[in-house]
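upload19.tsv follows; it contains TSV, C-alpha atoms.
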chain	number	residue	atom	x	y	z
A	22	MET	CA	213.10	229.19	193.47
A	23	LYS	CA	212.40	225.59	192.47
A	24	LYS	CA	209.51	224.01	194.37
A	25	LYS	CA	210.36	220.93	196.41
A	26	LEU	CA	208.80	217.81	194.93
A	27	ILE	CA	207.67	216.21	198.18
A	28	ASP	CA	208.09	216.68	201.93
A	29	ALA	CA	208.01	214.43	204.99
A	30	ASN	CA	204.49	215.51	206.02
A	31	TYR	CA	203.06	214.57	202.65
A	32	HIS	CA	204.98	211.29	202.73
A	33	ASN	CA	203.38	210.43	206.08
A	34	ARG	CA	199.92	211.26	204.73
A	35	ILE	CA	200.32	209.18	201.58
A	36	LYS	CA	201.75	206.28	203.59
A	37	GLY	CA	198.82	206.28	206.02
A	38	LEU	CA	196.02	207.12	203.61
A	39	PHE	CA	197.16	205.39	200.42
A	40	TYR	CA	199.95	202.80	200.60
A	41	SER	CA	198.43	201.03	203.61
A	42	LYS	CA	194.98	200.92	202.01
A	43	THR	CA	195.54	199.99	198.38
A	44	ASP	CA	196.67	197.08	196.23
A	45	GLU	CA	198.18	199.43	193.61
A	46	LYS	CA	201.83	198.55	194.20
A	47	ASN	CA	201.17	194.80	194.05
A	48	ILE	CA	199.27	195.21	190.78
A	49	GLN	CA	202.00	197.38	189.29
A	50	LEU	CA	204.61	194.82	190.41
A	51	SER	CA	202.81	192.00	188.63
A	52	ILE	CA	202.64	194.02	185.39
A	53	LEU	CA	206.32	194.96	185.64
A	54	GLU	CA	207.23	191.29	186.12
A	55	TYR	CA	205.34	190.52	182.90
A	56	LEU	CA	206.93	193.41	180.96
A	57	LEU	CA	210.46	192.67	182.20
A	58	ASP	CA	210.28	188.91	181.72
A	59	GLY	CA	213.46	187.62	180.07
A	60	ARG	CA	215.25	190.96	180.22
A	61	GLN	CA	218.71	191.52	181.67
A	62	TYR	CA	220.11	195.02	182.17
A	63	ARG	CA	223.62	196.25	182.72
A	64	HIS	CA	222.43	199.35	184.59
A	65	SER	CA	218.93	200.49	185.55
A	66	LEU	CA	217.61	203.61	187.26
A	67	ASP	CA	214.58	204.05	189.53
A	68	ILE	CA	213.56	207.67	190.14
A	69	GLY	CA	211.40	208.46	193.15
A	70	CYS	CA	211.72	204.89	194.37
A	71	GLY	CA	210.26	205.46	197.85
A	72	ASP	CA	210.88	202.41	200.01
A	73	GLY	CA	212.13	200.46	196.99
A	74	THR	CA	209.22	198.03	196.66
A	75	LEU	CA	208.90	198.65	192.92
A	76	SER	CA	212.68	198.68	192.40
A	77	GLU	CA	212.95	194.96	193.10
A	78	PRO	CA	212.14	193.57	189.60
A	79	PHE	CA	214.65	196.00	188.09
A	80	SER	CA	217.32	195.24	190.70
A	81	ARG	CA	216.95	191.49	190.18
A	82	ARG	CA	217.58	191.88	186.45
A	83	SER	CA	220.38	194.46	186.63
A	84	SER	CA	224.12	194.19	187.21
A	85	GLU	CA	223.95	197.70	188.63
A	86	ILE	CA	221.05	199.84	189.83
A	87	THR	CA	220.82	203.49	190.82
A	88	LEU	CA	218.01	204.53	193.16
A	89	VAL	CA	216.99	208.17	193.48
A	90	GLU	CA	214.85	209.12	196.48
A	91	ILE	CA	214.28	212.63	197.77
A	92	LEU	CA	213.28	211.75	201.35
A	93	ASP	CA	215.94	211.05	203.96
A	94	SER	CA	213.48	208.83	205.84
A	95	ASN	CA	213.63	206.14	203.12
A	96	LYS	CA	217.41	206.00	202.83
A	97	ARG	CA	218.12	203.44	205.56
A	98	GLU	CA	215.42	201.06	204.32
A	99	LEU	CA	216.82	201.30	200.79
A	100	GLU	CA	220.34	200.61	202.05
A	101	ASN	CA	219.10	197.51	203.86
A	102	LYS	CA	217.11	196.23	200.87
A	103	TYR	CA	219.69	197.07	198.22
A	104	PRO	CA	223.19	197.07	199.80
A	105	HIS	CA	224.91	197.10	196.40
A	106	ALA	CA	222.78	199.88	194.87
A	107	ASP	CA	223.97	203.41	194.23
A	108	ILE	CA	221.48	205.37	196.36
A	109	LEU	CA	221.15	209.10	195.68
A	110	ASN	CA	219.20	211.04	198.30
A	111	ALA	CA	218.27	214.00	196.09
A	112	ASP	CA	215.75	215.73	193.86
A	113	PHE	CA	216.40	214.05	190.50
A	114	ARG	CA	216.13	217.41	188.76
A	115	ASP	CA	219.34	218.48	190.51
A	116	LEU	CA	221.35	215.47	189.34
A	117	THR	CA	223.67	215.18	186.37
A	118	PHE	CA	224.21	211.62	185.21
A	119	THR	CA	227.43	210.75	183.42
A	120	ASN	CA	226.38	207.26	182.36
A	121	TYR	CA	223.52	205.74	180.39
A	122	PHE	CA	220.89	203.22	181.46
A	123	ASP	CA	219.16	200.23	179.89
A	124	ALA	CA	215.97	200.80	181.87
A	125	ILE	CA	214.47	203.72	183.81
A	126	HIS	CA	211.44	203.46	186.10
A	127	PHE	CA	209.52	206.70	186.78
A	128	SER	CA	206.42	205.80	188.78
A	129	HIS	CA	203.82	208.36	189.94
A	130	CYS	CA	206.43	211.12	190.19
A	131	ILE	CA	205.25	213.28	187.34
A	132	TYR	CA	202.45	214.94	189.39
A	133	TYR	CA	205.11	216.86	191.32
A	134	ILE	CA	206.42	218.54	188.17
A	135	SER	CA	204.72	221.51	186.48
A	136	GLU	CA	202.73	220.58	183.39
A	137	CYS	CA	204.96	222.61	181.07
A	138	SER	CA	207.87	220.40	182.15
A	139	TRP	CA	206.21	217.01	181.61
A	140	LEU	CA	207.36	216.46	178.03
A	141	PRO	CA	210.82	218.03	178.55
A	142	THR	CA	211.30	215.72	181.56
A	143	ILE	CA	210.39	212.67	179.48
A	144	GLU	CA	212.77	213.86	176.77
A	145	LYS	CA	215.62	214.22	179.30
A	146	LEU	CA	214.97	210.74	180.69
A	147	ILE	CA	214.96	209.21	177.21
A	148	ALA	CA	218.29	210.95	176.55
A	149	LEU	CA	219.72	208.95	179.49
A	150	LEU	CA	218.85	205.63	177.84
A	151	ASN	CA	221.15	203.46	175.80
A	152	LYS	CA	219.92	202.57	172.32
A	153	LYS	CA	216.91	200.23	172.72
A	154	GLY	CA	216.73	201.24	176.37
A	155	GLU	CA	213.28	201.38	177.97
A	156	LEU	CA	211.60	204.09	180.01
A	157	TYR	CA	208.63	203.02	182.16
A	158	VAL	CA	206.41	205.98	183.10
A	159	VAL	CA	203.53	205.28	185.49
A	160	LEU	CA	200.66	207.70	186.07
A	161	ASN	CA	196.95	207.78	186.80
A	162	ARG	CA	194.49	208.00	183.94
A	163	ASP	CA	191.63	210.41	183.36
A	164	GLU	CA	189.01	207.79	184.23
A	165	GLY	CA	187.45	206.41	187.42
A	166	ASP	CA	186.85	207.99	190.82
A	167	TRP	CA	190.34	209.49	191.13
A	168	TRP	CA	189.82	211.39	187.88
A	169	ASP	CA	186.31	212.50	188.89
A	170	ILE	CA	187.86	214.11	191.98
A	171	VAL	CA	190.68	215.77	190.03
A	172	ASN	CA	188.32	216.89	187.29
A	173	LYS	CA	185.96	218.50	189.81
A	174	TYR	CA	188.46	220.26	192.05
A	175	PHE	CA	191.80	220.66	190.33
A	176	LEU	CA	191.10	223.73	188.19
A	177	PRO	CA	189.09	225.74	190.78
A	178	PHE	CA	191.52	224.77	193.58
A	179	ARG	CA	194.65	224.90	191.45
A	180	GLU	CA	196.41	227.64	193.40
A	181	LYS	CA	196.12	225.58	196.58
A	182	CYS	CA	196.97	222.19	195.05
A	183	ASN	CA	200.52	220.91	195.25
A	184	MET	CA	199.99	218.50	192.37
A	185	HIS	CA	200.10	218.92	188.60
A	186	TYR	CA	198.18	216.98	186.00
A	187	ILE	CA	197.70	216.69	182.27
A	188	PRO	CA	194.90	214.24	181.40
A	189	ALA	CA	196.67	210.98	180.59
A	190	SER	CA	194.75	210.56	177.33
A	191	GLU	CA	196.13	213.88	176.08
A	192	PHE	CA	199.63	213.21	177.43
A	193	SER	CA	199.64	209.83	175.68
A	194	ARG	CA	198.75	211.48	172.36
A	195	GLN	CA	201.68	213.85	172.77
A	196	ILE	CA	204.05	210.99	173.54
A	197	LYS	CA	202.83	208.91	170.57
A	198	LYS	CA	203.68	211.79	168.23
A	199	ARG	CA	207.28	211.83	169.43
A	200	TRP	CA	208.43	208.37	170.50
A	201	PHE	CA	207.80	204.67	170.04
A	202	SER	CA	205.56	203.78	172.96
A	203	GLU	CA	203.33	201.03	174.33
A	204	TYR	CA	200.53	201.33	176.89
A	205	TYR	CA	199.41	199.00	179.67
A	206	PHE	CA	196.30	199.84	181.72
A	207	TYR	CA	195.42	198.60	185.19
A	208	SER	CA	192.83	199.27	187.91
A	209	SER	CA	193.25	199.49	191.66
A	210	SER	CA	191.27	200.85	194.57
A	211	VAL	CA	191.77	202.52	197.93
A	212	ALA	CA	189.58	201.29	200.82
A	213	PHE	CA	188.88	203.48	203.85
A	214	ASP	CA	187.61	202.86	207.38
A	215	SER	CA	185.64	206.10	207.64
A	216	LEU	CA	184.27	209.07	205.73
A	217	LYS	CA	186.89	211.27	207.41
A	218	GLU	CA	189.71	209.13	206.00
A	219	MET	CA	188.14	209.33	202.58
A	220	CYS	CA	187.89	213.13	202.79
A	221	ASP	CA	191.46	213.42	204.06
A	222	PHE	CA	192.61	211.31	201.11
A	223	ILE	CA	190.80	213.58	198.65
A	224	SER	CA	192.16	216.84	200.06
A	225	GLY	CA	195.55	215.76	201.37
A	226	VAL	CA	196.70	213.04	198.97
A	227	VAL	CA	194.88	213.43	195.65
A	228	LEU	CA	194.82	217.24	195.58
A	229	GLN	CA	197.75	217.71	197.99
A	230	ILE	CA	196.23	220.76	199.66
A	231	ARG	CA	198.26	221.87	202.68
A	232	ASP	CA	196.20	224.91	203.69
A	233	GLU	CA	194.04	223.64	206.57
A	234	LYS	CA	191.82	226.75	206.57
A	235	PHE	CA	191.12	226.29	202.87
A	236	ILE	CA	190.26	222.62	203.40
A	237	HIS	CA	187.92	223.51	206.28
A	238	SER	CA	186.10	226.11	204.16
A	239	HIS	CA	185.41	223.48	201.46
A	240	GLN	CA	184.86	220.50	203.76
A	241	LYS	CA	181.13	220.22	203.03
A	242	SER	CA	181.72	219.91	199.28
A	243	ILE	CA	184.49	217.34	199.81
A	244	GLU	CA	182.25	215.31	202.14
A	245	GLU	CA	179.44	215.34	199.56
A	246	THR	CA	181.86	214.13	196.88
A	247	ALA	CA	183.12	211.36	199.15
A	248	MET	CA	179.58	210.25	200.02
A	249	ASN	CA	178.55	210.18	196.36
A	250	ILE	CA	181.53	207.97	195.50
A	251	ALA	CA	180.88	205.71	198.52
A	252	ASN	CA	177.22	205.30	197.56
A	253	LYS	CA	178.14	204.49	193.95
A	254	ASN	CA	180.70	201.91	195.07
A	255	SER	CA	178.58	200.53	197.95
A	256	GLY	CA	181.41	201.22	200.37
A	257	MET	CA	184.19	203.57	201.43
A	258	ARG	CA	186.29	202.92	198.36
A	259	ILE	CA	187.82	205.04	195.59
A	260	SER	CA	188.77	203.48	192.26
A	261	VAL	CA	192.00	204.50	190.54
A	262	GLU	CA	192.72	203.83	186.86
A	263	SER	CA	196.42	203.86	186.00
A	264	MET	CA	198.75	203.17	183.10
A	265	ILE	CA	202.33	202.19	182.40
A	266	ILE	CA	203.80	203.89	179.35
A	267	LYS	CA	206.76	202.00	177.98
A	268	ILE	CA	208.92	204.20	175.74
A	269	THR	CA	211.78	202.61	173.82
A	270	ARG	CA	214.72	204.66	172.59
A	271	LEU	CA	215.24	203.63	168.98
A	272	LYS	CA	218.19	205.88	168.07
Would you mind writing the file's structure down as structure tokens?
Amino acid sequence: MKKKLIDANYHNRIKGLFYSKTDEKNIQLSILEYLLDGRQYRHSLDIGCGDGTLSEPFSRRSSEITLVEILDSNKRELENKYPHADILNADFRDLTFTNYFDAIHFSHCIYYISECSWLPTIEKLIALLNKKGELYVVLNRDEGDWWDIVNKYFLPFREKCNMHYIPASEFSRQIKKRWFSEYYFYSSSVAFDSLKEMCDFISGVVLQIRDEKFIHSHQKSIEETAMNIANKNSGMRISVESMIIKITRLK
């Protein structure tokens, strides 16, 4: 049975412990505005668009836009923001598209897909592009505090984690071998009000562990990790290094 990409409980956690505490979306928006400057699209696609914040620069430049969002809770907000968009409330892996797109945005969705499917997923998305169409893949890099957390806990906790990750440096090398691609790096941070919030972010958002008993049994280690990061940063803050991979379909 195919594992569900995301559920409402995780959405509530990430909204409260990440989106409300970080400048990541604003930074990504500014980079997208730079990358999309002067472009006009007939039809664009945003997969895993959430509340549609990052869809706006694509929508503004597109005659048509298709938004794919798995959570029902975001549908009404998307309908209000983008009344003329084609909104598909579904897991994108279950969809069959009959048209092609000039631009596809795929931001921070890849962690919900098993590592063996990362490259095949990128290949399928590129196949949906028109010639000279552009795929924008956004993911976190294997640097900074976020990576230190993943690097420390992901392999030993793998069976309990609901996230998947290939180090971005390695994934980039694989992409470069196959497609014409460009890379844009950016830094953001997540600021917390307490050590508990920081620990909840590590276990519930970064590692996506849903087993409360398992979290409790490793709470001391997670607290030590959080305190070490806080001391290094002189505050309750976690740095996140990210990248936008722009892949252009040449054929």
- Message: With distances taken over only C-alpha atoms, which residue among A:Leu216, A:Ala106, A:Met264, A:Ala148 lies nearest A:Thr246?
- Response: A:Leu216
- Message: What's around stretch 174-176 of chain A at 12 Å? Count all atoms listed in the file, leave out sequence neighbours fewer than 2 positions away in its own chain, and write the answer as an NGL selection string.
- Response: :A and (167-172 or 178-188 or 223-224 or 227-230 or 236 or 239 or 242-243 or 246)
Save the residues we just selected, C-alpha atoms, as a tab-separated table (two decimals), in the coordinates of the input?
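Everything below was put into part.tsv:
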chain	number	residue	atom	x	y	z
A	167	TRP	CA	190.34	209.49	191.13
A	168	TRP	CA	189.82	211.39	187.88
A	169	ASP	CA	186.31	212.50	188.89
A	170	ILE	CA	187.86	214.11	191.98
A	171	VAL	CA	190.68	215.77	190.03
A	172	ASN	CA	188.32	216.89	187.29
A	178	PHE	CA	191.52	224.77	193.58
A	179	ARG	CA	194.65	224.90	191.45
A	180	GLU	CA	196.41	227.64	193.40
A	181	LYS	CA	196.12	225.58	196.58
A	182	CYS	CA	196.97	222.19	195.05
A	183	ASN	CA	200.52	220.91	195.25
A	184	MET	CA	199.99	218.50	192.37
A	185	HIS	CA	200.10	218.92	188.60
A	186	TYR	CA	198.18	216.98	186.00
A	187	ILE	CA	197.70	216.69	182.27
A	188	PRO	CA	194.90	214.24	181.40
A	223	ILE	CA	190.80	213.58	198.65
A	224	SER	CA	192.16	216.84	200.06
A	227	VAL	CA	194.88	213.43	195.65
A	228	LEU	CA	194.82	217.24	195.58
A	229	GLN	CA	197.75	217.71	197.99
A	230	ILE	CA	196.23	220.76	199.66
A	236	ILE	CA	190.26	222.62	203.40
A	239	HIS	CA	185.41	223.48	201.46
A	242	SER	CA	181.72	219.91	199.28
A	243	ILE	CA	184.49	217.34	199.81
A	246	THR	CA	181.86	214.13	196.88
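Across the model, the gap from atom CA of A:Tyr133 to atom CA of A:Leu75 is 18.7 Å.
If you look at atom CA of A:Val89 and atom CA of A:Gly73, they are 9.8 Å away from each other.
A straight line drawn from atom CA of A:Ser83 to atom CA of A:Glu45 is 23.8 Å long.
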Report, as JSON, the centre and edge lengths in Å (one decimal) of the axis-aligned box enclosing every listed atom of stretch 95-101 of chain A, padded by 3 Å on each side.
{"center_x": 217.0, "center_y": 201.8, "center_z": 203.2, "size_x": 12.7, "size_y": 14.6, "size_z": 10.8}
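Distances from A:Ser215, A:Asn101, A:Thr269, A:Ser209 to A:Lys46 were compared using all atoms listed in the file, and the smallest one belongs to A:Ser209.
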- Message: Need the shell around A:Ala124: protein/DNA/RNA residues with any atom at most 6 Å away, counting only C-alpha atoms. Skip same-chain ones fewer than 4 positions apart. Format as a VMD selection string?
- Response: chain A and resid 65 154 to 156
- Show which residues sit within 12 Å of A:Trp200, as number ranges by chain. Count all atoms listed in the file, and ignore same-chain residues fewer than 5 positions away. A: 140, 143-144, 147-148, 153, 155-156, 193-195, 266-272
- A:Asn95 environment, 12 Å, only C-alpha atoms, sequence neighbours closer than 4 positions dropped, as a ChimeraX atom specification: /A:28-29,32-33,36,69-74,88-91,99-103,108-111
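The smallest atom-to-atom distance between A:Asp163 and any of A:Glu136, A:Asp115, A:Glu191, A:Glu98, using only C-alpha atoms, is found for A:Glu191.
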- Selection: 12 Å around A:Asp58, only C-alpha atoms, excl. self and same-chain fewer than 5 positions, as an NGL selection string: :A and (50-53 or 78-79 or 81-82)
Can you fill out stretch 71-102 of chain A with N, CA and C atoms and hand it back as a PDB file, in the coordinates of the input?
ATOM      1  N   GLY A  71     210.915 205.661 196.553  1.00  0.00           N
ATOM      2  CA  GLY A  71     210.260 205.460 197.850  1.00  0.00           C
ATOM      3  C   GLY A  71     210.986 204.454 198.701  1.00  0.00           C
ATOM      4  N   ASP A  72     210.252 203.440 199.176  1.00  0.00           N
ATOM      5  CA  ASP A  72     210.880 202.410 200.010  1.00  0.00           C
ATOM      6  C   ASP A  72     211.516 201.293 199.191  1.00  0.00           C
ATOM      7  N   GLY A  73     211.459 201.419 197.863  1.00  0.00           N
ATOM      8  CA  GLY A  73     212.130 200.460 196.990  1.00  0.00           C
ATOM      9  C   GLY A  73     211.329 199.238 196.609  1.00  0.00           C
ATOM     10  N   THR A  74     210.047 199.192 196.985  1.00  0.00           N
ATOM     11  CA  THR A  74     209.220 198.030 196.660  1.00  0.00           C
ATOM     12  C   THR A  74     209.197 197.754 195.159  1.00  0.00           C
ATOM     13  N   LEU A  75     209.013 198.815 194.369  1.00  0.00           N
ATOM     14  CA  LEU A  75     208.900 198.650 192.920  1.00  0.00           C
ATOM     15  C   LEU A  75     210.255 198.596 192.222  1.00  0.00           C
ATOM     16  N   SER A  76     211.328 198.785 192.974  1.00  0.00           N
ATOM     17  CA  SER A  76     212.680 198.680 192.400  1.00  0.00           C
ATOM     18  C   SER A  76     213.107 197.230 192.251  1.00  0.00           C
ATOM     19  N   GLU A  77     212.479 196.335 193.010  1.00  0.00           N
ATOM     20  CA  GLU A  77     212.950 194.960 193.100  1.00  0.00           C
ATOM     21  C   GLU A  77     213.034 194.246 191.750  1.00  0.00           C
ATOM     22  N   PRO A  78     212.015 194.290 190.886  1.00  0.00           N
ATOM     23  CA  PRO A  78     212.140 193.570 189.600  1.00  0.00           C
ATOM     24  C   PRO A  78     213.235 194.135 188.705  1.00  0.00           C
ATOM     25  N   PHE A  79     213.551 195.414 188.851  1.00  0.00           N
ATOM     26  CA  PHE A  79     214.650 196.000 188.090  1.00  0.00           C
ATOM     27  C   PHE A  79     215.991 195.589 188.698  1.00  0.00           C
ATOM     28  N   SER A  80     216.081 195.622 190.020  1.00  0.00           N
ATOM     29  CA  SER A  80     217.320 195.240 190.700  1.00  0.00           C
ATOM     30  C   SER A  80     217.699 193.800 190.394  1.00  0.00           C
ATOM     31  N   ARG A  81     216.709 192.910 190.402  1.00  0.00           N
ATOM     32  CA  ARG A  81     216.950 191.490 190.180  1.00  0.00           C
ATOM     33  C   ARG A  81     217.488 191.215 188.787  1.00  0.00           C
ATOM     34  N   ARG A  82     217.180 192.089 187.846  1.00  0.00           N
ATOM     35  CA  ARG A  82     217.580 191.880 186.450  1.00  0.00           C
ATOM     36  C   ARG A  82     218.770 192.739 186.041  1.00  0.00           C
ATOM     37  N   SER A  83     219.350 193.489 186.985  1.00  0.00           N
ATOM     38  CA  SER A  83     220.380 194.460 186.630  1.00  0.00           C
ATOM     39  C   SER A  83     221.702 194.165 187.328  1.00  0.00           C
ATOM     40  N   SER A  84     222.784 194.297 186.592  1.00  0.00           N
ATOM     41  CA  SER A  84     224.120 194.190 187.210  1.00  0.00           C
ATOM     42  C   SER A  84     224.355 195.352 188.159  1.00  0.00           C
ATOM     43  N   GLU A  85     223.851 196.515 187.784  1.00  0.00           N
ATOM     44  CA  GLU A  85     223.950 197.700 188.630  1.00  0.00           C
ATOM     45  C   GLU A  85     222.598 198.406 188.637  1.00  0.00           C
ATOM     46  N   ILE A  86     222.269 199.040 189.773  1.00  0.00           N
ATOM     47  CA  ILE A  86     221.050 199.840 189.830  1.00  0.00           C
ATOM     48  C   ILE A  86     221.311 201.103 190.623  1.00  0.00           C
ATOM     49  N   THR A  87     220.764 202.210 190.124  1.00  0.00           N
ATOM     50  CA  THR A  87     220.820 203.490 190.820  1.00  0.00           C
ATOM     51  C   THR A  87     219.418 203.843 191.286  1.00  0.00           C
ATOM     52  N   LEU A  88     219.294 204.172 192.570  1.00  0.00           N
ATOM     53  CA  LEU A  88     218.010 204.530 193.160  1.00  0.00           C
ATOM     54  C   LEU A  88     218.050 205.993 193.584  1.00  0.00           C
ATOM     55  N   VAL A  89     217.069 206.756 193.125  1.00  0.00           N
ATOM     56  CA  VAL A  89     216.990 208.170 193.480  1.00  0.00           C
ATOM     57  C   VAL A  89     215.753 208.373 194.350  1.00  0.00           C
ATOM     58  N   GLU A  90     215.949 208.891 195.548  1.00  0.00           N
ATOM     59  CA  GLU A  90     214.850 209.120 196.480  1.00  0.00           C
ATOM     60  C   GLU A  90     215.089 210.420 197.233  1.00  0.00           C
ATOM     61  N   ILE A  91     214.114 211.286 197.220  1.00  0.00           N
ATOM     62  CA  ILE A  91     214.280 212.630 197.770  1.00  0.00           C
ATOM     63  C   ILE A  91     214.200 212.661 199.295  1.00  0.00           C
ATOM     64  N   LEU A  92     213.494 211.708 199.910  1.00  0.00           N
ATOM     65  CA  LEU A  92     213.280 211.750 201.350  1.00  0.00           C
ATOM     66  C   LEU A  92     214.367 211.002 202.120  1.00  0.00           C
ATOM     67  N   ASP A  93     214.929 211.675 203.105  1.00  0.00           N
ATOM     68  CA  ASP A  93     215.940 211.050 203.960  1.00  0.00           C
ATOM     69  C   ASP A  93     215.378 209.827 204.680  1.00  0.00           C
ATOM     70  N   SER A  94     214.090 209.874 205.017  1.00  0.00           N
ATOM     71  CA  SER A  94     213.480 208.830 205.840  1.00  0.00           C
ATOM     72  C   SER A  94     213.490 207.456 205.164  1.00  0.00           C
ATOM     73  N   ASN A  95     213.620 207.422 203.845  1.00  0.00           N
ATOM     74  CA  ASN A  95     213.630 206.140 203.120  1.00  0.00           C
ATOM     75  C   ASN A  95     215.033 205.583 202.905  1.00  0.00           C
ATOM     76  N   LYS A  96     216.049 206.393 203.197  1.00  0.00           N
ATOM     77  CA  LYS A  96     217.410 206.000 202.830  1.00  0.00           C
ATOM     78  C   LYS A  96     217.867 204.725 203.525  1.00  0.00           C
ATOM     79  N   ARG A  97     217.635 204.613 204.835  1.00  0.00           N
ATOM     80  CA  ARG A  97     218.120 203.440 205.560  1.00  0.00           C
ATOM     81  C   ARG A  97     217.441 202.161 205.067  1.00  0.00           C
ATOM     82  N   GLU A  98     216.133 202.233 204.825  1.00  0.00           N
ATOM     83  CA  GLU A  98     215.420 201.060 204.320  1.00  0.00           C
ATOM     84  C   GLU A  98     215.966 200.635 202.962  1.00  0.00           C
ATOM     85  N   LEU A  99     216.252 201.608 202.103  1.00  0.00           N
ATOM     86  CA  LEU A  99     216.820 201.300 200.790  1.00  0.00           C
ATOM     87  C   LEU A  99     218.207 200.664 200.923  1.00  0.00           C
ATOM     88  N   GLU A 100     218.998 201.172 201.845  1.00  0.00           N
ATOM     89  CA  GLU A 100     220.340 200.610 202.050  1.00  0.00           C
ATOM     90  C   GLU A 100     220.267 199.171 202.540  1.00  0.00           C
ATOM     91  N   ASN A 101     219.261 198.879 203.370  1.00  0.00           N
ATOM     92  CA  ASN A 101     219.100 197.510 203.860  1.00  0.00           C
ATOM     93  C   ASN A 101     218.600 196.573 202.768  1.00  0.00           C
ATOM     94  N   LYS A 102     217.685 197.062 201.937  1.00  0.00           N
ATOM     95  CA  LYS A 102     217.110 196.230 200.870  1.00  0.00           C
ATOM     96  C   LYS A 102     218.093 196.031 199.719  1.00  0.00           C
TER      97      LYS A 102
END
